[in-house]
Each structure stands twice: as structure tokens, then as C-alpha cells.
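Reproduced below: upload_37.cif, with mmCIF, C-alpha atoms and all ligand atoms.
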data_data
loop_
_atom_site.label_atom_id
_atom_site.label_comp_id
_atom_site.auth_asym_id
_atom_site.auth_seq_id
_atom_site.Cartn_x
_atom_site.Cartn_y
_atom_site.Cartn_z
CA MET T 1 157.99 23.95 172.87
CA SER T 2 156.43 26.74 174.87
CA ASP T 3 152.84 25.56 175.08
CA PRO T 4 152.51 21.79 175.15
CA ALA T 5 148.72 21.94 174.83
CA SER T 6 148.76 23.89 171.56
CA GLU T 7 151.77 21.86 170.41
CA LEU T 8 149.76 18.67 170.93
CA SER T 9 146.71 19.98 169.14
CA GLU T 10 148.86 20.97 166.17
CA LEU T 11 150.32 17.47 166.04
CA THR T 12 146.79 16.11 166.12
CA SER T 13 145.73 18.18 163.16
CA VAL T 14 148.92 17.24 161.21
CA GLU T 15 148.17 13.59 162.00
CA ALA T 16 144.60 13.98 160.72
CA SER T 17 145.76 15.60 157.50
CA ILE T 18 148.39 12.93 156.83
CA ALA T 19 145.91 10.16 157.69
CA LEU T 20 143.47 11.60 155.14
CA ARG T 21 146.14 11.76 152.42
CA ILE T 22 147.19 8.18 153.18
CA ALA T 23 143.60 7.00 152.85
CA THR T 24 143.20 8.69 149.47
CA ALA T 25 146.66 7.86 148.06
CA SER T 26 146.43 5.93 144.80
CA GLU T 27 150.12 5.30 144.07
CA PRO T 28 152.88 3.61 146.11
CA ASP T 29 155.06 6.70 145.42
CA GLU T 30 152.57 8.94 147.22
CA LEU T 31 152.82 6.64 150.23
CA SER T 32 156.61 6.92 150.25
CA ALA T 33 156.34 10.72 150.34
CA LEU T 34 153.82 10.50 153.18
CA ALA T 35 156.04 8.07 155.10
CA ASN T 36 158.74 10.70 154.86
CA GLU T 37 156.37 13.23 156.44
CA VAL T 38 155.78 10.82 159.30
CA ASN T 39 159.32 9.86 160.21
CA GLY T 40 161.70 11.49 157.71
CA ARG T 41 163.84 14.60 157.83
CA GLY T 42 161.05 17.23 157.62
CA SER T 43 158.70 15.39 159.95
CA VAL T 44 157.00 17.53 162.61
CA PHE T 45 156.81 14.43 164.78
CA VAL T 46 160.53 13.86 164.64
CA ALA T 47 161.10 17.54 165.42
CA ALA T 48 158.71 17.36 168.35
CA ARG T 49 160.38 14.25 169.66
CA ARG T 50 163.75 15.98 169.52
CA GLN T 51 162.47 18.79 171.72
CA ILE T 52 161.01 16.55 174.37
CA GLY T 53 164.19 16.72 176.39
CA SER T 54 163.71 20.45 176.93
CA LEU T 55 160.23 20.02 178.44
CA PRO T 56 159.58 20.05 182.16
CA PRO T 57 159.90 16.46 183.39
CA ASP T 58 156.19 16.03 184.19
CA GLU T 59 155.23 16.92 180.62
CA ARG T 60 157.90 14.82 178.89
CA ARG T 61 156.07 11.57 179.38
CA GLN T 62 152.68 12.92 178.17
CA VAL T 63 154.05 14.61 175.03
CA GLY T 64 156.45 11.76 174.32
CA ARG T 65 153.66 9.22 174.39
CA ALA T 66 151.37 11.38 172.24
CA VAL T 67 154.06 11.79 169.56
CA HIS T 68 154.97 8.12 169.67
CA ASP T 69 151.34 6.98 169.41
CA ALA T 70 150.58 9.37 166.54
CA MET T 71 153.60 8.09 164.57
CA LYS T 72 152.65 4.46 165.27
CA ARG T 73 149.07 5.07 164.10
CA LEU T 74 150.23 6.73 160.89
CA GLU T 75 152.78 3.99 160.23
CA SER T 76 150.16 1.32 160.53
CA LEU T 77 147.85 3.29 158.22
CA LEU T 78 150.70 3.44 155.69
CA ILE T 79 151.24 -0.31 155.84
CA GLN T 80 147.54 -0.99 155.49
CA ARG T 81 147.12 1.34 152.51
CA ARG T 82 150.20 -0.09 150.78
CA GLU T 83 148.73 -3.56 151.09
CA GLU T 84 145.42 -2.36 149.69
CA LEU T 85 147.11 -0.78 146.68
CA GLU T 86 149.16 -3.89 146.02
CA ALA T 87 146.07 -6.07 146.20
CA SER T 88 144.12 -3.91 143.76
CA GLY T 89 147.12 -3.68 141.41
CA GLU T 90 147.32 -7.44 141.50
CA GLU T 91 143.60 -7.70 140.83
CA LEU T 92 143.91 -5.29 137.92
CA ARG T 93 146.82 -7.24 136.47
CA ARG T 94 144.87 -10.46 136.83
CA ARG T 95 141.89 -8.92 135.06
CA VAL T 96 144.06 -7.64 132.23
CA GLU T 97 145.93 -10.88 131.82
CA ARG T 98 142.96 -13.23 132.08
CA LEU T 99 142.48 -15.29 128.92
CA ASP T 100 138.99 -14.66 127.65
CA LEU T 101 138.07 -17.66 125.56
CA THR T 102 134.70 -16.19 124.65
CA GLU T 103 136.24 -13.23 122.94
CA VAL T 104 136.11 -13.20 119.16
CA VAL T 105 138.66 -10.94 117.56
CA PRO T 106 137.68 -10.48 113.94
CA VAL T 107 141.02 -9.10 112.84
CA ARG T 108 142.72 -11.94 111.04
CA ARG T 109 141.46 -15.25 109.78
CA ARG T 110 143.23 -18.03 111.64
CA GLY T 111 142.54 -21.08 109.56
CA HIS T 112 139.34 -22.43 108.09
CA LEU T 113 137.63 -25.70 107.33
CA HIS T 114 139.45 -28.09 105.04
CA LEU T 115 138.18 -28.14 101.48
CA VAL T 116 136.80 -31.66 101.96
CA SER T 117 134.88 -30.61 105.09
CA GLN T 118 133.50 -27.64 103.20
CA ALA T 119 132.38 -29.95 100.38
CA GLN T 120 130.83 -32.40 102.83
CA MET T 121 128.77 -29.63 104.40
CA GLU T 122 127.74 -28.32 101.00
CA LEU T 123 126.65 -31.77 99.87
CA GLU T 124 124.72 -32.27 103.10
CA ASP T 125 122.95 -28.99 102.36
CA VAL T 126 122.04 -30.10 98.84
CA PHE T 127 120.46 -33.27 100.25
CA LEU T 128 118.85 -31.53 103.21
CA GLY T 129 117.15 -29.33 100.61
CA MET T 130 115.83 -32.49 98.98
CA GLY T 131 114.31 -33.74 102.24
CA PHE T 132 117.08 -36.05 103.46
CA VAL T 133 118.34 -36.13 107.05
CA VAL T 134 122.03 -36.58 107.96
CA ALA T 135 123.19 -39.65 109.93
CA GLU T 136 126.61 -40.96 110.98
CA GLY T 137 128.18 -44.24 112.00
CA PRO T 138 131.47 -45.56 113.44
CA GLU T 139 134.73 -45.74 111.50
CA ILE T 140 135.61 -49.14 112.96
CA GLU T 141 133.06 -51.70 111.88
CA THR T 142 132.20 -55.31 112.47
CA ASP T 143 132.03 -57.91 109.76
CA TRP T 144 128.23 -57.88 110.03
CA TYR T 145 127.79 -54.20 109.17
CA ASN T 146 130.57 -53.80 106.65
CA PHE T 147 129.89 -57.03 104.75
CA GLU T 148 127.52 -59.68 106.04
CA ALA T 149 124.30 -57.65 106.33
CA LEU T 150 125.10 -56.11 102.96
CA ASN T 151 124.67 -59.51 101.36
CA MET T 152 128.36 -60.38 101.39
CA PRO T 153 128.77 -63.49 103.52
CA ARG T 154 132.29 -64.69 104.34
CA ASP T 155 134.22 -65.76 101.24
CA HIS T 156 131.80 -63.91 98.97
CA PRO T 157 133.90 -62.92 95.95
CA ALA T 158 132.54 -59.35 96.04
CA ARG T 159 134.53 -58.74 99.20
CA GLY T 160 137.47 -58.54 96.85
CA MET T 161 136.12 -55.16 95.69
CA PHE T 162 137.13 -53.81 99.06
CA ASP T 163 140.74 -54.23 100.07
CA THR T 164 140.23 -54.13 103.78
CA PHE T 165 142.36 -53.01 106.71
CA TYR T 166 141.58 -55.47 109.50
CA LEU T 167 142.21 -54.71 113.16
CA ARG T 168 144.35 -56.90 115.37
CA ALA T 169 141.57 -57.18 117.92
CA GLY T 170 138.90 -59.73 118.69
CA GLU T 171 138.40 -62.72 116.41
CA PRO T 172 140.68 -62.44 113.37
CA GLY T 173 138.76 -60.70 110.59
CA SER T 174 135.93 -59.56 112.84
CA LEU T 175 136.85 -55.89 113.14
CA MET T 176 137.96 -53.55 110.37
CA LEU T 177 138.21 -49.95 109.25
CA ARG T 178 135.02 -49.53 107.28
CA THR T 179 135.65 -49.76 103.55
CA HIS T 180 132.54 -47.76 102.64
CA THR T 181 129.71 -45.83 104.28
CA SER T 182 127.13 -48.51 103.36
CA PRO T 183 127.30 -50.08 106.87
CA VAL T 184 125.59 -46.93 108.15
CA GLN T 185 122.59 -47.84 105.95
CA VAL T 186 122.34 -51.10 107.86
CA ARG T 187 122.61 -49.39 111.24
CA LEU T 188 119.92 -46.93 110.22
CA MET T 189 117.53 -49.58 108.95
CA GLU T 190 118.04 -51.59 112.15
CA SER T 191 117.27 -48.63 114.38
CA GLU T 192 114.57 -46.86 112.40
CA SER T 193 111.48 -48.02 110.65
CA PRO T 194 110.66 -46.86 107.12
CA PRO T 195 110.04 -44.50 105.45
CA ILE T 196 113.68 -43.40 105.61
CA SER T 197 115.59 -40.85 103.56
CA ALA T 198 119.03 -40.09 104.88
CA VAL T 199 122.54 -39.26 103.78
CA MET T 200 125.52 -40.58 105.72
CA PRO T 201 128.90 -38.87 105.25
CA GLY T 202 132.17 -40.13 106.68
CA VAL T 203 135.74 -41.33 106.39
CA VAL T 204 136.45 -44.74 104.84
CA HIS T 205 139.66 -46.73 104.25
CA ARG T 206 140.89 -49.17 101.64
CA ARG T 207 144.23 -50.82 101.06
CA ASP T 208 144.61 -49.04 97.76
CA THR T 209 147.79 -47.66 96.28
CA ALA T 210 147.58 -43.89 96.09
CA ASP T 211 147.46 -42.39 92.60
CA ALA T 212 145.93 -39.34 90.90
CA ARG T 213 142.39 -40.55 91.69
CA HIS T 214 142.83 -42.68 94.85
CA THR T 215 144.02 -42.33 98.40
CA PRO T 216 143.75 -45.17 100.95
CA THR T 217 141.78 -42.91 103.27
CA PHE T 218 138.97 -40.92 101.72
CA HIS T 219 135.45 -39.65 102.31
CA GLN T 220 132.15 -40.94 101.07
CA ILE T 221 128.57 -39.83 101.36
CA GLU T 222 125.96 -42.52 101.33
CA GLY T 223 122.29 -42.05 100.49
CA LEU T 224 119.38 -44.27 101.41
CA VAL T 225 115.69 -43.99 100.64
CA VAL T 226 113.25 -46.63 101.84
CA ASP T 227 109.59 -46.20 101.02
CA GLN T 228 106.78 -47.87 99.12
CA GLY T 229 106.94 -47.92 95.34
CA VAL T 230 110.49 -46.54 94.97
CA THR T 231 111.82 -47.00 91.42
CA PHE T 232 115.09 -46.72 89.56
CA ALA T 233 113.77 -43.47 88.07
CA ASP T 234 113.64 -41.95 91.58
CA LEU T 235 117.29 -42.90 92.02
CA ALA T 236 118.34 -41.53 88.63
CA GLY T 237 116.44 -38.29 89.25
CA THR T 238 118.05 -37.85 92.67
CA ILE T 239 121.54 -38.32 91.23
CA GLU T 240 120.83 -35.93 88.40
CA ALA T 241 119.53 -33.35 90.88
CA PHE T 242 122.57 -33.64 93.12
CA THR T 243 125.19 -33.54 90.34
CA GLY T 244 123.44 -30.52 88.83
CA ALA T 245 123.32 -28.75 92.20
CA TYR T 246 126.94 -29.45 93.09
CA PHE T 247 128.73 -29.28 89.72
CA GLY T 248 126.44 -26.79 87.98
CA PRO T 249 123.98 -27.32 85.12
CA SER T 250 126.69 -27.63 82.48
CA SER T 251 128.10 -30.85 83.95
CA ARG T 252 126.88 -34.07 82.38
CA SER T 253 126.41 -37.33 84.26
CA ARG T 254 125.64 -40.88 83.22
CA LEU T 255 124.73 -44.19 84.81
CA ARG T 256 126.39 -47.42 83.67
CA PRO T 257 125.34 -50.95 84.55
CA SER T 258 127.42 -52.36 87.38
CA TYR T 259 127.31 -54.81 90.22
CA PHE T 260 127.08 -54.46 93.99
CA PRO T 261 125.91 -57.32 96.23
CA PHE T 262 123.64 -54.95 98.19
CA THR T 263 121.77 -53.40 95.27
CA GLU T 264 119.87 -54.95 92.38
CA PRO T 265 119.93 -53.62 89.73
CA SER T 266 123.16 -51.69 90.30
CA ALA T 267 124.86 -48.86 88.48
CA GLU T 268 127.92 -46.68 88.57
CA PHE T 269 127.51 -42.99 88.08
CA GLU T 270 130.02 -40.85 86.31
CA ILE T 271 130.40 -37.20 85.34
CA THR T 272 132.39 -35.66 82.51
CA CYS T 273 136.01 -35.18 83.54
CA THR T 274 136.44 -31.54 84.44
CA ILE T 275 140.19 -31.66 84.02
CA CYS T 276 140.05 -32.28 80.25
CA GLY T 277 136.39 -31.44 79.60
CA GLY T 278 135.77 -34.97 78.33
CA SER T 279 138.53 -35.31 75.75
CA GLY T 280 140.58 -37.72 77.86
CA CYS T 281 143.57 -37.11 80.15
CA ARG T 282 145.77 -38.74 82.80
CA THR T 283 143.22 -38.07 85.56
CA CYS T 284 140.35 -39.89 83.76
CA SER T 285 142.69 -42.48 82.24
CA GLY T 286 141.81 -41.18 78.80
CA THR T 287 138.09 -42.01 79.05
CA GLY T 288 136.68 -38.49 79.47
CA TRP T 289 134.53 -39.69 82.38
CA ILE T 290 135.16 -39.87 86.11
CA GLU T 291 133.39 -42.37 88.30
CA LEU T 292 131.87 -40.74 91.38
CA GLY T 293 130.21 -43.72 92.98
CA GLY T 294 127.83 -46.63 92.90
CA CYS T 295 124.10 -46.95 93.33
CA GLY T 296 121.09 -49.18 92.84
CA LEU T 297 117.84 -50.43 94.28
CA VAL T 298 118.20 -51.97 97.72
CA ASP T 299 118.60 -55.73 97.38
CA PRO T 300 115.78 -57.66 99.14
CA ALA T 301 118.46 -59.71 100.94
CA VAL T 302 119.57 -56.53 102.73
CA PHE T 303 116.00 -55.74 103.79
CA GLU T 304 115.72 -59.26 105.13
CA ALA T 305 118.98 -58.94 107.09
CA VAL T 306 117.64 -55.89 108.93
CA GLY T 307 114.09 -57.14 109.38
CA ILE T 308 112.29 -54.92 106.86
CA ASP T 309 109.68 -56.72 104.76
CA PRO T 310 110.86 -56.64 101.11
CA GLU T 311 107.32 -57.42 99.95
CA VAL T 312 106.17 -54.08 101.37
CA TRP T 313 109.18 -51.80 101.16
CA THR T 314 111.42 -50.77 98.32
CA GLY T 315 114.39 -48.44 98.25
CA PHE T 316 117.42 -47.05 96.55
CA ALA T 317 120.93 -46.40 97.79
CA PHE T 318 123.99 -44.63 96.49
CA GLY T 319 127.46 -43.92 97.73
CA PHE T 320 130.13 -41.70 96.26
CA GLY T 321 133.48 -40.10 97.02
CA ILE T 322 133.46 -36.60 98.46
CA ASP T 323 137.15 -36.15 97.67
CA ARG T 324 136.44 -37.14 94.07
CA CYS T 325 133.70 -34.50 93.90
CA VAL T 326 136.11 -31.87 95.24
CA GLN T 327 138.72 -32.97 92.73
CA MET T 328 136.27 -32.61 89.84
CA ARG T 329 134.71 -29.37 90.91
CA HIS T 330 138.00 -27.59 91.46
CA GLY T 331 139.88 -29.22 88.61
CA ILE T 332 142.52 -30.80 90.88
CA ALA T 333 144.65 -33.07 88.72
CA ASP T 334 146.03 -35.16 91.61
CA ILE T 335 143.71 -36.03 94.49
CA ARG T 336 146.60 -36.69 96.89
CA VAL T 337 146.93 -32.96 97.64
CA LEU T 338 143.72 -33.30 99.67
CA MET T 339 145.61 -35.44 102.21
CA GLU T 340 148.94 -33.68 102.23
CA ASN T 341 148.13 -30.61 104.34
CA ASP T 342 150.26 -28.31 102.22
CA LEU T 343 149.23 -24.82 103.30
CA ARG T 344 150.06 -23.36 99.89
CA PHE T 345 147.28 -25.52 98.52
CA LEU T 346 144.82 -25.32 101.43
CA GLU T 347 144.98 -21.54 101.74
CA GLN T 348 143.48 -21.16 98.27
CA PHE T 349 140.09 -22.39 99.43
N1 LIG T 401 129.40 -48.83 98.92
C1 LIG T 401 129.68 -48.78 97.50
C2 LIG T 401 131.16 -48.47 97.32
O1 LIG T 401 131.77 -47.98 98.23
C3 LIG T 401 128.87 -47.71 96.80
C4 LIG T 401 127.41 -48.00 96.82
C5 LIG T 401 126.62 -47.49 97.82
C6 LIG T 401 126.84 -48.78 95.83
C7 LIG T 401 125.26 -47.73 97.81
C8 LIG T 401 125.50 -49.03 95.83
C9 LIG T 401 124.73 -48.50 96.83
O2 LIG T 401 131.74 -48.69 96.29
#
Can you give me the file's structure in the form of C-alpha cells?
Ligand code: PHE
Amino acid sequence: MSDPASELSELTSVEASIALRIATASEPDELSALANEVNGRGSVFVAARRQIGSLPPDERRQVGRAVHDAMKRLESLLIQRREELEASGEELRRRVERLDLTEVVPVRRRGHLHLVSQAQMELEDVFLGMGFVVAEGPEIETDWYNFEALNMPRDHPARGMFDTFYLRAGEPGSLMLRTHTSPVQVRLMESESPPISAVMPGVVHRRDTADARHTPTFHQIEGLVVDQGVTFADLAGTIEAFTGAYFGPSSRSRLRPSYFPFTEPSAEFEITCTICGGSGCRTCSGTGWIELGGCGLVDPAVFEAVGIDPEVWTGFAFGFGIDRCVQMRHGIADIRVLMENDLRFLEQF
């Protein structure tokens, strides 16, 4: 090392060049190569340090310190840059791996609404188009809503129409799984003043034995119109309009006299069995007709129970099975498939 001053200035420029390359390195591998230039075999600093012993004693200390400090500075730059790269790699990984729940990937259909839900929405649409609103009520009901307010006091024989699942809660017999959607009528009439026109879809339960037309849990949609001067013809026309809209113009429907404690007069409505086309089969028990639900003009006793003046207001109500509608429209011989969650069946719709 002949000229320590020029030697030192060369080390300074090597340091500056390495420092610049450290600052701009984008890969950990680049940093390893640079670390080698600082203190590895080919390092000018290591070479300079080795020659210190041959310097005049008064220069040894100055050059030694300069080399040592330059190496220390570069080493700390290396550590700092390595940490920066690791942090940004981590950040990148986190960004790539983050689960984006807002992302919609339209590549493959992963499931769809159940056929019964689809039918419920379609039926709601038919009635919305006719000026009805949609309302809902609870699945667990009290005796008042499920029976009493619907003109079925305790021990009324008509309660036998509904084989009821009672809850082991509260007073015995006071709470139950609703057996029909008619309690929602009562809730609506209590909370709203007429005129009312609403449909009320939902799940209902009865202690029935399952067969080709029945399951203990099923879906109904209830309809209620309260206004002045409502007649049975309004009811019949509404049912005709809905069956035509849902089953198509070729389906035939009929009303037959019936009895419900909450309507007077009452009727059952039926459509031609779509399984056999009306000639009679197992599904329609050989009659050629399938009952969809019940209907009638609101009984004055119900109006009285909810505080609506039966001298002023009149109304009609109906309630029918959504599952039964699905069964008829799609020609499903056994309704139980709607509850079985067999993908081979569900995937067809
Ligand atoms: N709630 C009755 C049933 O489930 C159907 C019905 C509703 C009848 C409204 C008349 C009026 O069988």
C-alpha cells in the first residue's frame, strides 16, 4: 500500500458503489453476493486489512479504523436491506393469501336455492304483481295465534284438523310449532289497520305420517285481503289468477265446499293432478284432483278477536302448500324427495 491517501479514497468509492447496490438490491441472493464483496474472499476491504501490518506504524491506526468502519457501515446496510426485503415479501405474501370475501368468481356454480325456495319466491312474485305485500311470522306460536284468535277455542273439535307438535315450555299446551300460516293473518290484523292485502309464506309442522303427498314439515303461503265489500267472487278470481300464473293456462282448478273455523263460507281448492293428467293415480289417490289448500271469507269472529269491526270490513283468506305446488308443477310423484336433500334430485332444478 504505497499511497495511503489514494488507497483510502479508493476504498471510499468502493464503499459508495457497494452501498448503492445494497440499497437497490431486490433479491436476498443479491445481498449475499454483496456481503461477499464486503467481507468475503475477493473483498478489497479484507485485502486492505491484510496489508495494514506493512504500513508505517503511524498510518496503521488511521487506515485500520477507516477499513473497519467502512466494513461495519456496509454490514449494517446489508442487515437493514435484508430486513426490508423480508418485510415486503411478507407483505406481498399476505396480500396474495388474503381471503377476499367480496370477490365473485363466476367460473362454476356452487349450489343454488332449493326448489321449494325458488317456488316460494316465484309465488311471492305472482302475488306482488297482483298488489299483495309479503309478510312473515314466527314458527313457534302461542295458542292464541295458532288457534284461539282463529275461532278455535280450547277443546274446539276443529283443532283435530291440526295434529300439533307442542313444546315442553311454559304452560302445557301454550306453545307449539305453528300448524299453518294462518296465525300470521292474526298478527297482521292486530298490527295493521285495513285495507290489507298480504301473502305470508313460511314453514309449518304437523304430526302427520309422511306419504306421497305429505311430510310433517312443509311450507305454506297464506293470503289475506281485508277491505270493504269483498266477495267470494274476489277470492275465486284471485285463486284462478294465481293457479293460471303458476301452473300455466292449461291447468284446471276447482273450489269445493269445506269447513274452516276461521272462514265462512269455506272452500278447498284443487287442481287437476299433473302426474296422471286427471285420470287417477297413486299420487291423487285415484281422484284425478290434488288439493292445494283452503280458503274462504274471513269469519266475523276472527275480525272481532283482532278488533276490526265486522260490520264495516270484509275479507277473504286462503292458505296452500308450496311443496304441493312444486310437486304438481314438476310432476314429482313422491313429495318426500323435497325434504331428503338428495343432490341427484336437487341438481336437476
Ligand atoms: N290454514 C288452513 C290450513 O292450513 C288453510 C286456510 C287458510 C283455510 C286460510 C282458509 C283460510 O289448512
List as an MDAnalysis selection string the protein and nucleic acid residues near segment 69-80 of chain T, meaning an atom at most 12 Å away when only C-alpha atoms are counted, but skip any in the same chain fewer than 2 places from it. chainID T and resid 8:40 43:46 48:49 61:67 82:87
Worksheet entry | Protein and nucleic acid residues within 7 Å of ligand LIG 401 (chain T) (only C-alpha atoms and all ligand atoms) as a PyMOL selection string | chain T and resi 179-182+222-223+260+262-263+266+293-296+317-320
Shortest contact to Glu264 of chain T, candidates T:Thr231, T:Thr215, T:Ser191, T:Thr287, atoms counted all atoms listed in the file, goes to T:Thr231
Selection near segment 192-202 of chain T, 8 Å with all atoms listed in the file, sequence-local residues under 4 positions removed, as a PDB file with C-alpha atoms, in the coordinates of the input:
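In the end it all went to selection-v9.pdb:
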ATOM      1  CA  GLN T 120     130.830 -32.400 102.830  1.00  0.00           C
ATOM      2  CA  GLU T 124     124.720 -32.270 103.100  1.00  0.00           C
ATOM      3  CA  PHE T 127     120.460 -33.270 100.250  1.00  0.00           C
ATOM      4  CA  GLY T 131     114.310 -33.740 102.240  1.00  0.00           C
ATOM      5  CA  PHE T 132     117.080 -36.050 103.460  1.00  0.00           C
ATOM      6  CA  VAL T 133     118.340 -36.130 107.050  1.00  0.00           C
ATOM      7  CA  VAL T 134     122.030 -36.580 107.960  1.00  0.00           C
ATOM      8  CA  ALA T 135     123.190 -39.650 109.930  1.00  0.00           C
ATOM      9  CA  GLU T 136     126.610 -40.960 110.980  1.00  0.00           C
ATOM     10  CA  GLY T 137     128.180 -44.240 112.000  1.00  0.00           C
ATOM     11  CA  GLU T 139     134.730 -45.740 111.500  1.00  0.00           C
ATOM     12  CA  THR T 181     129.710 -45.830 104.280  1.00  0.00           C
ATOM     13  CA  VAL T 184     125.590 -46.930 108.150  1.00  0.00           C
ATOM     14  CA  GLN T 185     122.590 -47.840 105.950  1.00  0.00           C
ATOM     15  CA  LEU T 188     119.920 -46.930 110.220  1.00  0.00           C
ATOM     16  CA  HIS T 219     135.450 -39.650 102.310  1.00  0.00           C
ATOM     17  CA  GLN T 220     132.150 -40.940 101.070  1.00  0.00           C
ATOM     18  CA  ILE T 221     128.570 -39.830 101.360  1.00  0.00           C
ATOM     19  CA  GLU T 222     125.960 -42.520 101.330  1.00  0.00           C
ATOM     20  CA  GLY T 223     122.290 -42.050 100.490  1.00  0.00           C
ATOM     21  CA  LEU T 224     119.380 -44.270 101.410  1.00  0.00           C
ATOM     22  CA  VAL T 225     115.690 -43.990 100.640  1.00  0.00           C
ATOM     23  CA  VAL T 226     113.250 -46.630 101.840  1.00  0.00           C
ATOM     24  CA  ASP T 227     109.590 -46.200 101.020  1.00  0.00           C
ATOM     25  CA  GLN T 228     106.780 -47.870  99.120  1.00  0.00           C
ATOM     26  CA  ILE T 308     112.290 -54.920 106.860  1.00  0.00           C
ATOM     27  CA  TRP T 313     109.180 -51.800 101.160  1.00  0.00           C
TER      28      TRP T 313
END
Exercise for review: Give as JSON, numbers by chain the set of residues within 10 Å of the point (129.4, -56.5, 108.3), where distances use the file's coordinates and only C-alpha atoms.
Suggested key: {"T": [141, 142, 143, 144, 145, 146, 147, 148, 149, 150, 151, 152, 153, 154, 174, 175, 176, 178, 182, 183, 186]}
Once 5 Å is added on each side, what are the centre and the three edge lengths, in Å to one decimal, of the axis-aligned box enclosing the listed atoms of segment 314-326 of chain T? Present them as JSON.
{"center_x": 124.3, "center_y": -41.3, "center_z": 96.2, "size_x": 35.7, "size_y": 28.9, "size_z": 14.6}
Practice task
Enumerate, as a PyMOL selection string, the protein, DNA and RNA residues whose atoms approach (120.7, -41.1, 86.6) to within 12 Å, taking into account only C-alpha atoms and the coordinate frame of the file.
Solution key: chain T and resi 231-244+252-257+266-271+293-296+318
Nearest to Ser117 of chain T, restricted to all atoms listed in the file and choosing among T:Glu7, T:Ser251, T:Phe218, T:Arg168, comes out as T:Phe218
query = atom CA of Val326 of chain T to atom CA of Asn341 of chain T: how many Å, to one decimal?
reply =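 Result for atom CA of Val326 of chain T versus atom CA of Asn341 of chain T: 15.1 Å, one decimal.
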Here atom CA of Arg93 of chain T and atom CA of Val105 of chain T stand apart by 20.9 Å
note - atom CA of Gly280 of chain T and atom CA of Ala245 of chain T are separated by 24.2 Å
- Between T:Ala333, T:Met189, T:Ala158, T:Leu99, which has the minimum distance to Cys281 of chain T (counting all atoms listed in the file)?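 Distance minimum relative to Cys281 of chain T lands on T:Ala333.
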Among listed residues T:Leu101, T:Ile322, T:Thr274, T:Val230, nearest Met121 of chain T (using only C-alpha atoms)
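Once distances to Met121 of chain T are computed over only C-alpha atoms, the minimum belongs to T:Ile322.
If you measure from each of T:Pro57, T:Gly229, T:Gly307, T:Gly160 to Asp208 of chain T using all atoms listed in the file, the closest one turns out to be T:Gly160.
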Nearest to Cys284 of chain T, restricted to only C-alpha atoms and choosing among T:Tyr259, T:Arg213, T:Leu346, T:Val298, comes out as T:Arg213
